[in-house]
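J.: File entry_31.csv below, CSV, C-alpha atoms and all ligand atoms:
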```
chain,number,residue,atom,x,y,z
K,1,MET,CA,12.2,27.2,23.3
K,2,ASN,CA,11.2,26.4,19.8
K,3,ALA,CA,13.8,23.8,18.8
K,4,GLU,CA,14.0,20.2,19.8
K,5,TYR,CA,17.0,18.3,21.2
K,6,ASN,CA,18.4,15.3,19.5
K,7,THR,CA,18.3,13.0,22.6
K,8,SER,CA,21.0,10.5,21.5
K,9,LEU,CA,23.5,13.3,20.7
K,10,PHE,CA,22.4,15.0,24.0
K,11,ASN,CA,23.3,11.7,25.8
K,12,LYS,CA,26.5,11.1,24.0
K,13,TYR,CA,28.0,14.6,24.4
K,14,ASN,CA,27.3,15.0,28.1
K,15,ARG,CA,30.9,15.2,29.3
K,16,PHE,CA,30.6,19.0,29.8
K,17,ARG,CA,27.5,18.8,32.0
K,18,GLU,CA,28.8,15.8,33.9
K,19,SER,CA,32.3,17.0,34.7
K,20,GLU,CA,31.1,20.4,35.9
K,21,LEU,CA,28.5,18.9,38.2
K,22,LYS,CA,31.1,16.6,39.8
K,23,THR,CA,32.9,19.7,41.0
K,24,ILE,CA,29.8,21.6,42.0
K,25,PHE,CA,28.2,18.7,44.0
K,26,SER,CA,31.4,18.0,45.9
K,27,LYS,CA,31.9,21.7,46.7
K,28,TYR,CA,28.2,22.5,47.6
K,29,ASN,CA,26.7,19.3,48.8
K,30,TYR,CA,26.9,20.7,52.4
K,31,LEU,CA,24.0,22.9,51.5
K,32,LEU,CA,21.7,19.9,50.8
K,33,LYS,CA,19.9,19.5,54.0
K,34,TRP,CA,17.4,16.6,53.5
K,35,THR,CA,13.9,16.5,54.8
K,36,PRO,CA,12.8,13.0,56.0
K,37,ASN,CA,10.3,11.3,53.6
K,38,ALA,CA,10.9,14.0,51.1
K,39,ALA,CA,8.9,14.7,48.0
K,40,ILE,CA,11.4,15.7,45.4
K,41,LEU,CA,10.9,17.5,42.0
K,42,ASP,CA,13.4,17.7,39.2
K,43,VAL,CA,12.6,20.5,36.7
K,44,GLY,CA,14.0,20.0,33.2
K,45,CYS,CA,15.3,16.4,33.8
K,46,GLY,CA,16.2,15.9,30.1
K,47,THR,CA,17.1,12.4,29.3
K,48,GLY,CA,17.5,11.6,33.0
K,49,ASP,CA,21.2,10.7,33.0
K,50,ILE,CA,22.3,13.6,35.1
K,51,SER,CA,19.2,13.3,37.4
K,52,LEU,CA,20.1,9.7,38.0
K,53,MET,CA,23.8,10.2,38.5
K,54,PHE,CA,23.8,13.4,40.6
K,55,ILE,CA,20.4,13.7,42.3
K,56,TYR,CA,18.8,10.3,42.6
K,57,SER,CA,22.0,8.8,43.8
K,58,ILE,CA,22.3,11.0,46.8
K,59,ILE,CA,18.7,11.4,48.0
K,60,PRO,CA,17.9,9.5,51.3
K,61,LYS,CA,16.2,6.2,50.4
K,62,ASP,CA,13.2,7.0,52.5
K,63,TYR,CA,12.0,9.5,49.9
K,64,LYS,CA,8.3,9.8,49.3
K,65,CYS,CA,8.5,10.4,45.6
K,66,PHE,CA,10.9,11.6,42.9
K,67,VAL,CA,9.1,13.4,40.1
K,68,CYS,CA,11.0,14.0,36.9
K,69,THR,CA,9.5,16.8,34.7
K,70,ASP,CA,10.4,18.3,31.4
K,71,ILE,CA,8.8,20.4,28.7
K,72,SER,CA,9.8,17.8,26.1
K,73,ALA,CA,7.9,14.5,25.8
K,74,LYS,CA,10.9,13.1,23.9
K,75,MET,CA,13.2,13.8,26.8
K,76,LEU,CA,10.8,12.4,29.4
K,77,GLN,CA,10.5,9.1,27.4
K,78,GLU,CA,14.3,8.7,27.6
K,79,ALA,CA,14.3,9.6,31.3
K,80,GLU,CA,11.7,6.9,31.9
K,81,LYS,CA,14.0,4.3,30.4
K,82,LYS,CA,16.9,5.4,32.5
K,83,PHE,CA,14.8,5.1,35.7
K,84,GLU,CA,13.2,1.8,34.9
K,85,GLY,CA,12.6,-0.2,38.0
K,86,LYS,CA,13.3,2.6,40.5
K,87,PRO,CA,10.5,2.8,43.0
K,88,ARG,CA,8.3,5.9,43.6
K,89,VAL,CA,9.7,7.7,40.5
K,90,PHE,CA,7.2,9.5,38.3
K,91,PHE,CA,7.3,11.5,35.1
K,92,LYS,CA,5.4,14.5,34.1
K,93,LEU,CA,5.2,16.9,31.2
K,94,LEU,CA,5.7,20.4,32.7
K,95,ASP,CA,6.5,23.8,31.3
K,96,ILE,CA,7.9,25.7,34.3
K,97,THR,CA,6.9,29.0,32.7
K,98,LYS,CA,3.2,28.3,32.3
K,99,ASP,CA,0.3,28.9,34.8
K,100,LEU,CA,0.5,25.6,36.7
K,101,LYS,CA,-2.5,23.8,38.2
K,102,GLU,CA,-0.4,21.7,40.6
K,103,THR,CA,-1.8,21.1,44.0
K,104,TYR,CA,1.1,19.0,45.2
K,105,THR,CA,4.1,20.6,46.8
K,106,TYR,CA,7.7,19.4,47.2
K,107,ASP,CA,10.3,19.5,49.9
K,108,HIS,CA,13.2,19.7,47.5
K,109,ILE,CA,13.2,21.1,44.0
K,110,PHE,CA,16.2,20.7,41.7
K,111,SER,CA,17.0,21.9,38.2
K,112,MET,CA,20.3,21.1,36.5
K,113,TRP,CA,21.3,23.1,33.3
K,114,CYS,CA,17.6,24.0,32.7
K,115,LEU,CA,16.9,27.5,33.8
K,116,MET,CA,19.2,29.2,31.3
K,117,TRP,CA,16.9,27.9,28.6
K,118,VAL,CA,14.0,29.7,30.2
K,119,GLU,CA,13.3,33.2,28.9
K,120,ASP,CA,10.7,34.2,31.6
K,121,GLN,CA,12.9,33.8,34.7
K,122,LYS,CA,10.4,35.5,37.0
K,123,LYS,CA,7.6,33.2,36.1
K,124,ALA,CA,9.8,30.1,36.4
K,125,PHE,CA,11.1,31.1,39.8
K,126,LYS,CA,7.6,32.1,41.1
K,127,ASN,CA,6.3,28.7,39.9
K,128,ILE,CA,9.1,26.9,41.7
K,129,TYR,CA,8.4,29.0,44.8
K,130,ASP,CA,4.7,28.0,44.7
K,131,LEU,CA,5.6,24.4,44.2
K,132,LEU,CA,7.7,24.4,47.4
K,133,ALA,CA,6.3,22.9,50.6
K,134,PRO,CA,6.8,24.9,53.8
K,135,GLY,CA,10.5,24.8,54.7
K,136,GLY,CA,11.2,23.5,51.2
K,137,LYS,CA,14.6,23.9,49.6
K,138,THR,CA,15.8,24.4,46.1
K,139,PHE,CA,19.1,23.7,44.3
K,140,HIS,CA,19.6,25.0,40.8
K,141,VAL,CA,22.6,25.0,38.5
K,142,LEU,CA,22.6,27.0,35.4
K,143,ILE,CA,25.0,28.7,33.0
K,144,GLN,CA,25.4,32.4,33.0
K,145,LYS,CA,27.3,32.5,29.8
K,146,LEU,CA,29.3,30.0,27.8
K,147,ASN,CA,31.6,31.3,25.1
K,148,VAL,CA,30.8,28.3,22.8
K,149,VAL,CA,27.1,29.3,22.8
K,150,GLN,CA,28.0,33.0,22.3
K,151,LEU,CA,30.1,32.0,19.3
K,152,PHE,CA,27.3,29.9,17.9
K,153,LEU,CA,24.9,32.9,18.3
K,154,GLN,CA,27.3,35.0,16.1
K,155,ILE,CA,27.0,32.4,13.4
K,156,VAL,CA,23.2,31.8,13.5
K,157,THR,CA,22.5,35.5,13.3
K,158,ARG,CA,24.4,35.8,10.0
K,159,ASN,CA,22.1,36.6,7.1
K,160,LYS,CA,22.4,33.2,5.4
K,161,TRP,CA,21.4,31.3,8.5
K,162,MET,CA,18.8,33.7,10.0
K,163,LYS,CA,15.9,32.0,8.2
K,164,PHE,CA,16.5,28.9,10.2
K,165,PHE,CA,16.8,30.7,13.5
K,166,PRO,CA,14.1,33.4,13.4
K,167,ASN,CA,13.6,33.6,17.2
K,168,VAL,CA,17.1,33.3,18.4
K,169,ASP,CA,16.5,34.9,21.8
K,170,LYS,CA,13.8,32.4,22.4
K,171,MET,CA,15.8,29.5,21.1
K,172,TYR,CA,19.0,30.4,23.1
K,173,PRO,CA,17.7,32.7,26.0
K,174,PHE,CA,20.7,32.6,28.4
K,175,PRO,CA,19.0,35.5,30.3
K,176,TYR,CA,22.0,36.5,32.3
K,177,GLN,CA,24.7,36.4,29.7
K,178,ASN,CA,25.1,40.2,29.5
K,179,ASP,CA,24.7,40.8,33.2
K,180,LEU,CA,27.6,42.4,35.0
K,181,ASP,CA,26.2,41.2,38.3
K,182,PRO,CA,24.0,38.1,37.8
K,183,VAL,CA,24.3,37.1,41.4
K,184,LYS,CA,22.7,40.3,42.6
K,185,ARG,CA,20.0,40.2,39.9
K,186,ILE,CA,19.0,36.6,40.7
K,187,ARG,CA,19.1,37.2,44.4
K,188,THR,CA,16.9,40.4,44.1
K,189,MET,CA,14.4,38.6,41.9
K,190,MET,CA,14.1,35.7,44.2
K,191,GLU,CA,13.8,37.8,47.3
K,192,ASP,CA,11.1,39.9,45.6
K,193,ILE,CA,9.2,36.7,44.9
K,194,GLY,CA,9.4,35.8,48.6
K,195,TYR,CA,12.3,33.3,48.9
K,196,VAL,CA,14.4,33.7,52.1
K,197,ASN,CA,17.9,32.6,52.9
K,198,VAL,CA,18.9,32.9,49.2
K,199,GLU,CA,22.4,31.9,48.4
K,200,VAL,CA,23.7,32.5,44.9
K,201,TYR,CA,27.2,31.7,43.8
K,202,LEU,CA,29.0,32.4,40.5
K,203,GLU,CA,31.6,29.9,39.5
K,204,LYS,CA,34.0,30.5,36.7
K,205,ASN,CA,35.5,27.6,35.1
K,206,THR,CA,37.2,26.2,31.9
K,207,PHE,CA,36.5,23.2,29.9
K,208,ALA,CA,38.6,21.4,27.3
K,209,PHE,CA,37.0,19.5,24.4
K,210,ALA,CA,39.0,16.4,23.6
K,211,ASN,CA,38.9,17.0,19.9
K,212,GLU,CA,37.0,18.7,17.0
K,213,GLU,CA,34.5,15.8,17.0
K,214,GLU,CA,33.5,16.5,20.6
K,215,PHE,CA,33.2,20.2,19.9
K,216,VAL,CA,31.0,19.7,16.9
K,217,GLY,CA,29.0,17.1,18.8
K,218,PHE,CA,28.4,19.5,21.6
K,219,LEU,CA,27.0,22.1,19.2
K,220,ARG,CA,24.8,19.6,17.4
K,221,ALA,CA,23.5,18.5,20.8
K,222,LEU,CA,22.2,22.0,21.5
K,223,PRO,CA,18.5,22.7,20.6
K,224,ASN,CA,18.7,23.5,16.9
K,225,PRO,CA,16.7,23.4,13.6
K,226,PHE,CA,19.2,21.1,11.9
K,227,HIS,CA,16.4,18.6,11.1
K,228,VAL,CA,15.1,21.2,8.5
K,229,MET,CA,18.5,21.9,7.0
K,230,SER,CA,20.2,19.9,4.3
K,231,ALA,CA,23.3,17.9,5.0
K,232,LYS,CA,25.4,20.4,3.1
K,233,GLU,CA,23.9,23.3,5.1
K,234,GLN,CA,24.6,21.5,8.4
K,235,GLU,CA,28.1,20.9,7.3
K,236,ASP,CA,28.6,24.5,6.3
K,237,ILE,CA,27.2,26.0,9.5
K,238,LEU,CA,29.4,23.7,11.7
K,239,ARG,CA,32.5,24.5,9.6
K,240,GLU,CA,31.8,28.2,10.1
K,241,ALA,CA,31.5,27.6,13.8
K,242,ILE,CA,34.9,25.8,13.9
K,243,GLU,CA,36.6,28.5,11.9
K,244,LEU,CA,35.2,31.3,14.1
K,245,ALA,CA,36.2,29.4,17.2
K,246,PHE,CA,39.8,29.1,16.1
K,247,ALA,CA,39.8,32.8,14.9
K,248,ASN,CA,38.5,34.0,18.3
K,249,ASN,CA,40.7,31.7,20.3
K,250,VAL,CA,37.6,30.1,21.7
K,251,ILE,CA,39.2,26.8,20.9
K,252,THR,CA,42.9,26.5,20.5
K,253,GLU,CA,45.0,23.4,20.1
K,254,SER,CA,46.8,22.6,23.3
K,255,GLU,CA,50.6,23.0,23.3
K,256,SER,CA,50.9,19.9,25.4
K,257,ARG,CA,50.1,16.7,23.7
K,258,VAL,CA,48.2,14.1,25.7
K,259,GLU,CA,49.4,10.6,24.9
K,260,SER,CA,46.8,7.9,24.8
K,261,THR,CA,47.5,4.3,24.2
K,262,SER,CA,46.4,4.3,20.6
K,263,LYS,CA,46.9,7.9,19.4
K,264,THR,CA,47.9,11.4,20.3
K,265,ILE,CA,45.0,13.7,21.3
K,266,LEU,CA,45.2,17.4,20.8
K,267,PRO,CA,42.9,18.8,23.4
K,268,TYR,CA,40.9,21.9,22.5
K,269,PHE,CA,40.7,24.5,25.2
K,270,ILE,CA,37.7,26.7,25.9
K,271,PRO,CA,39.3,29.5,27.9
K,272,VAL,CA,36.4,30.8,30.0
K,273,ARG,CA,33.0,29.6,31.1
K,274,HIS,CA,30.8,31.1,33.8
K,275,ASN,CA,28.3,29.1,35.8
K,276,VAL,CA,25.7,30.4,38.2
K,277,ILE,CA,24.7,28.2,41.1
K,278,ILE,CA,21.7,29.1,43.0
K,279,ILE,CA,20.8,27.7,46.4
K,280,SER,CA,17.7,29.0,48.2
K,281,PHE,CA,15.7,28.0,51.2
K,282,ARG,CA,12.2,28.9,51.8
K,283,ASP,CA,10.7,28.8,55.3
K,284,LYS,CA,7.1,29.4,56.2
K,301,LIG,C1,20.4,21.2,28.9
K,301,LIG,S1,19.0,20.2,29.2
K,301,LIG,C2,19.4,19.6,30.9
K,301,LIG,C3,18.7,18.3,31.2
K,301,LIG,C4,19.2,17.6,32.5
K,301,LIG,N1,18.8,18.3,33.6
K,301,LIG,C5,20.7,17.4,32.4
K,301,LIG,O1,21.4,18.1,33.2
K,301,LIG,O2,21.1,16.7,31.6
K,301,LIG,C6,17.7,21.4,29.6
K,301,LIG,C7,16.3,20.7,29.7
K,301,LIG,O3,15.4,21.7,30.2
K,301,LIG,C8,14.2,21.4,29.5
K,301,LIG,N2,13.4,22.7,29.5
K,301,LIG,C9,13.6,23.8,28.7
K,301,LIG,N3,12.7,24.7,29.0
K,301,LIG,C10,11.9,24.2,29.9
K,301,LIG,C11,10.7,24.7,30.6
K,301,LIG,N4,10.2,25.9,30.3
K,301,LIG,N5,10.1,23.9,31.5
K,301,LIG,C12,10.6,22.6,31.7
K,301,LIG,N6,11.7,22.1,31.1
K,301,LIG,C13,12.3,22.9,30.2
K,301,LIG,C14,14.6,21.0,28.1
K,301,LIG,O4,13.6,20.3,27.4
K,301,LIG,C15,15.8,20.1,28.5
K,301,LIG,O5,15.5,18.8,28.7
```
Could you spell out this file's structure in structure tokens?
Ligand SMILES: C[S@@+](CC[C@H](N)C(=O)[O-])C[C@H]1O[C@@H](n2cnc3c(N)ncnc32)[C@H](O)[C@@H]1O
T.:
Amino acid sequence: MNAEYNTSLFNKYNRFRESELKTIFSKYNYLLKWTPNAAILDVGCGTGDISLMFIYSIIPKDYKCFVCTDISAKMLQEAEKKFEGKPRVFFKLLDITKDLKETYTYDHIFSMWCLMWVEDQKKAFKNIYDLLAPGGKTFHVLIQKLNVVQLFLQIVTRNKWMKFFPNVDKMYPFPYQNDLDPVKRIRTMMEDIGYVNVEVYLEKNTFAFANEEEFVGFLRALPNPFHVMSAKEQEDILREAIELAFANNVITESESRVESTSKTILPYFIPVRHNVIIISFRDK
């Protein structure tokens, strides 16, 4: 990944990540079988809000350590603030695709919305496997494809924008977005690495942005090179995204108006989104 996140936008426009995980955790939490005194690793913790809300909040309180890792120092700094005062929580810069020199192993490894940003899936999954203690378990949630991102990719590959996005496949990898059977591909890859009792689920879901501001905020919160673009260029590229979204029915104004106390909100609907959920167990 060669673009930075804007951490405050990332925090502000987190409704998508949060609302989806509420459903996923309530549906799949039966798969989380906790090890006593567990060492727990979070790969790609980001600003830590999701880690705190969905992982840290449910781990048994006898945990040995909770280690938040991310490739981005900026993200880790934010996560440290969120976890201030929590005991036995540590923070570590880590690129899950590099050759790791870790000697420590973990009973549980989580990653939320991280692995679709990783181009070299095999290396990441092998590293996670090597980081697991005997009998260790993993729980990952990642996006297979998201039509908002696919739409944004159409824009950034236009001639006028390409100079800002020279390595678009590295910036927005989404390695399973063109896969007809991502479940099979992921399961096969994991079993080839050595994982056993692999369970992979594909969930299809929809999401409605409340308004144009949230849609634009979501796009701005993706990793991007906006910091090297002029204000006018930023405005133009986002305008093009909105126009294409309406033209392709990726966003449509809802027919039913939602009345709020102060104003009428026209929700914007994103018709389709796919998520891949991966749960695996490794026994030695
Ligand atoms: C969409 S954010 C998700 C953050 C957090 N888990 C959440 O759900 O809010 C993806 C995170 O993965 C991190 N990331 C991307 N590539 C990574 C890599 N190769 N190794 C570790 N972290 C990575 C990014 O820096 C970013 O913080």
J.: Identify, counting only C-alpha atoms and all ligand atoms, the protein, DNA and RNA residues located within 8 Å of ligand LIG 301 (chain K), and give them as a ChimeraX atom specification.
T.: /K:1,4-5,10-11,14,17-18,42-51,69-72,75-76,93-98,111-115,117-118,124,222
J.: Counting all atoms listed in the file, which of K:Ile279, K:Ala247, K:Ala241, K:Val216 gets nearest to Tyr30 (chain K)?
T.: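 Result for the nearest residue to Tyr30 (chain K): K:Ile279.
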J.: Identify which of the residues K:Pro225, K:Val67, K:Ala245, K:Glu214 lies closest to Met171 (chain K), counting all atoms listed in the file when measuring atom-to-atom distances.
T.: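 Nearest candidate to Met171 (chain K) out of K:Pro225, K:Val67, K:Ala245, K:Glu214: K:Pro225.
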J.: Quick one: of K:Ile277, K:Cys65, K:Met229, K:Met162, who's nearest to Ala38 (chain K), counting all atoms listed in the file?
T.: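 Between K:Ile277, K:Cys65, K:Met229, K:Met162, the residue approaching Ala38 (chain K) most closely is K:Cys65.
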J.: At what distance in Å, to one decimal, does CA of Ala231 (chain K) lie from CA of Gln154 (chain K)?
T.: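 Spanning CA of Gln154 (chain K) to CA of Ala231 (chain K) is a straight-line distance of 20.8 Å.
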J.: Which polymer residues have any atom within 7 Å of an atom of region 180-186 of chain K, counting only C-alpha atoms, with same-chain residues fewer than 6 positions away left out, as a list in words?
T.: Val200, Tyr201 and Leu202 of chain K
J.: Compile the contact shell of Lys12 (chain K) as a ChimeraX atom specification: residues with an atom at most 9 Å away, counting all atoms listed in the file, same-chain residues fewer than 3 positions apart removed.
T.: /K:7-9,15,217-218,221
J.: Of the candidates K:Ser19, K:Asn6, K:Asn275, K:Asn37, which one gets nearest to Leu142 (chain K) if we count all atoms listed in the file?
T.: K:Asn275
J.: Need the shell around Phe90 (chain K): protein/DNA/RNA residues with any atom at most 10 Å away, counting only C-alpha atoms. Skip same-chain ones fewer than 2 positions apart. Format as a list in words?
T.: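 Selected residues are Leu41, Cys65, Phe66, Val67, Cys68, Thr69, Ala79, Glu80, Phe83, Lys86, Pro87, Arg88 and Lys92 of chain K.
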J.: Given the choices K:Thr188, K:Phe207, K:Asn248, K:Glu119, which gets closest to Lys170 (chain K) if the distance is worked out from only C-alpha atoms?
T.: K:Glu119
J.: Restricting the calculation to all atoms listed in the file: of K:Gln150, K:Ser280, K:Gln234, K:Asn205, which residue gets closest to Ile24 (chain K)?
T.: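 Checking each candidate against Ile24 (chain K), we get K:Asn205 as the closest.
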J.: Hey, can you check how far CA of Asp130 (chain K) sits from CA of Pro173 (chain K)?
T.: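 According to the coordinates, CA of Asp130 (chain K) and CA of Pro173 (chain K) are separated by 23.3 Å.
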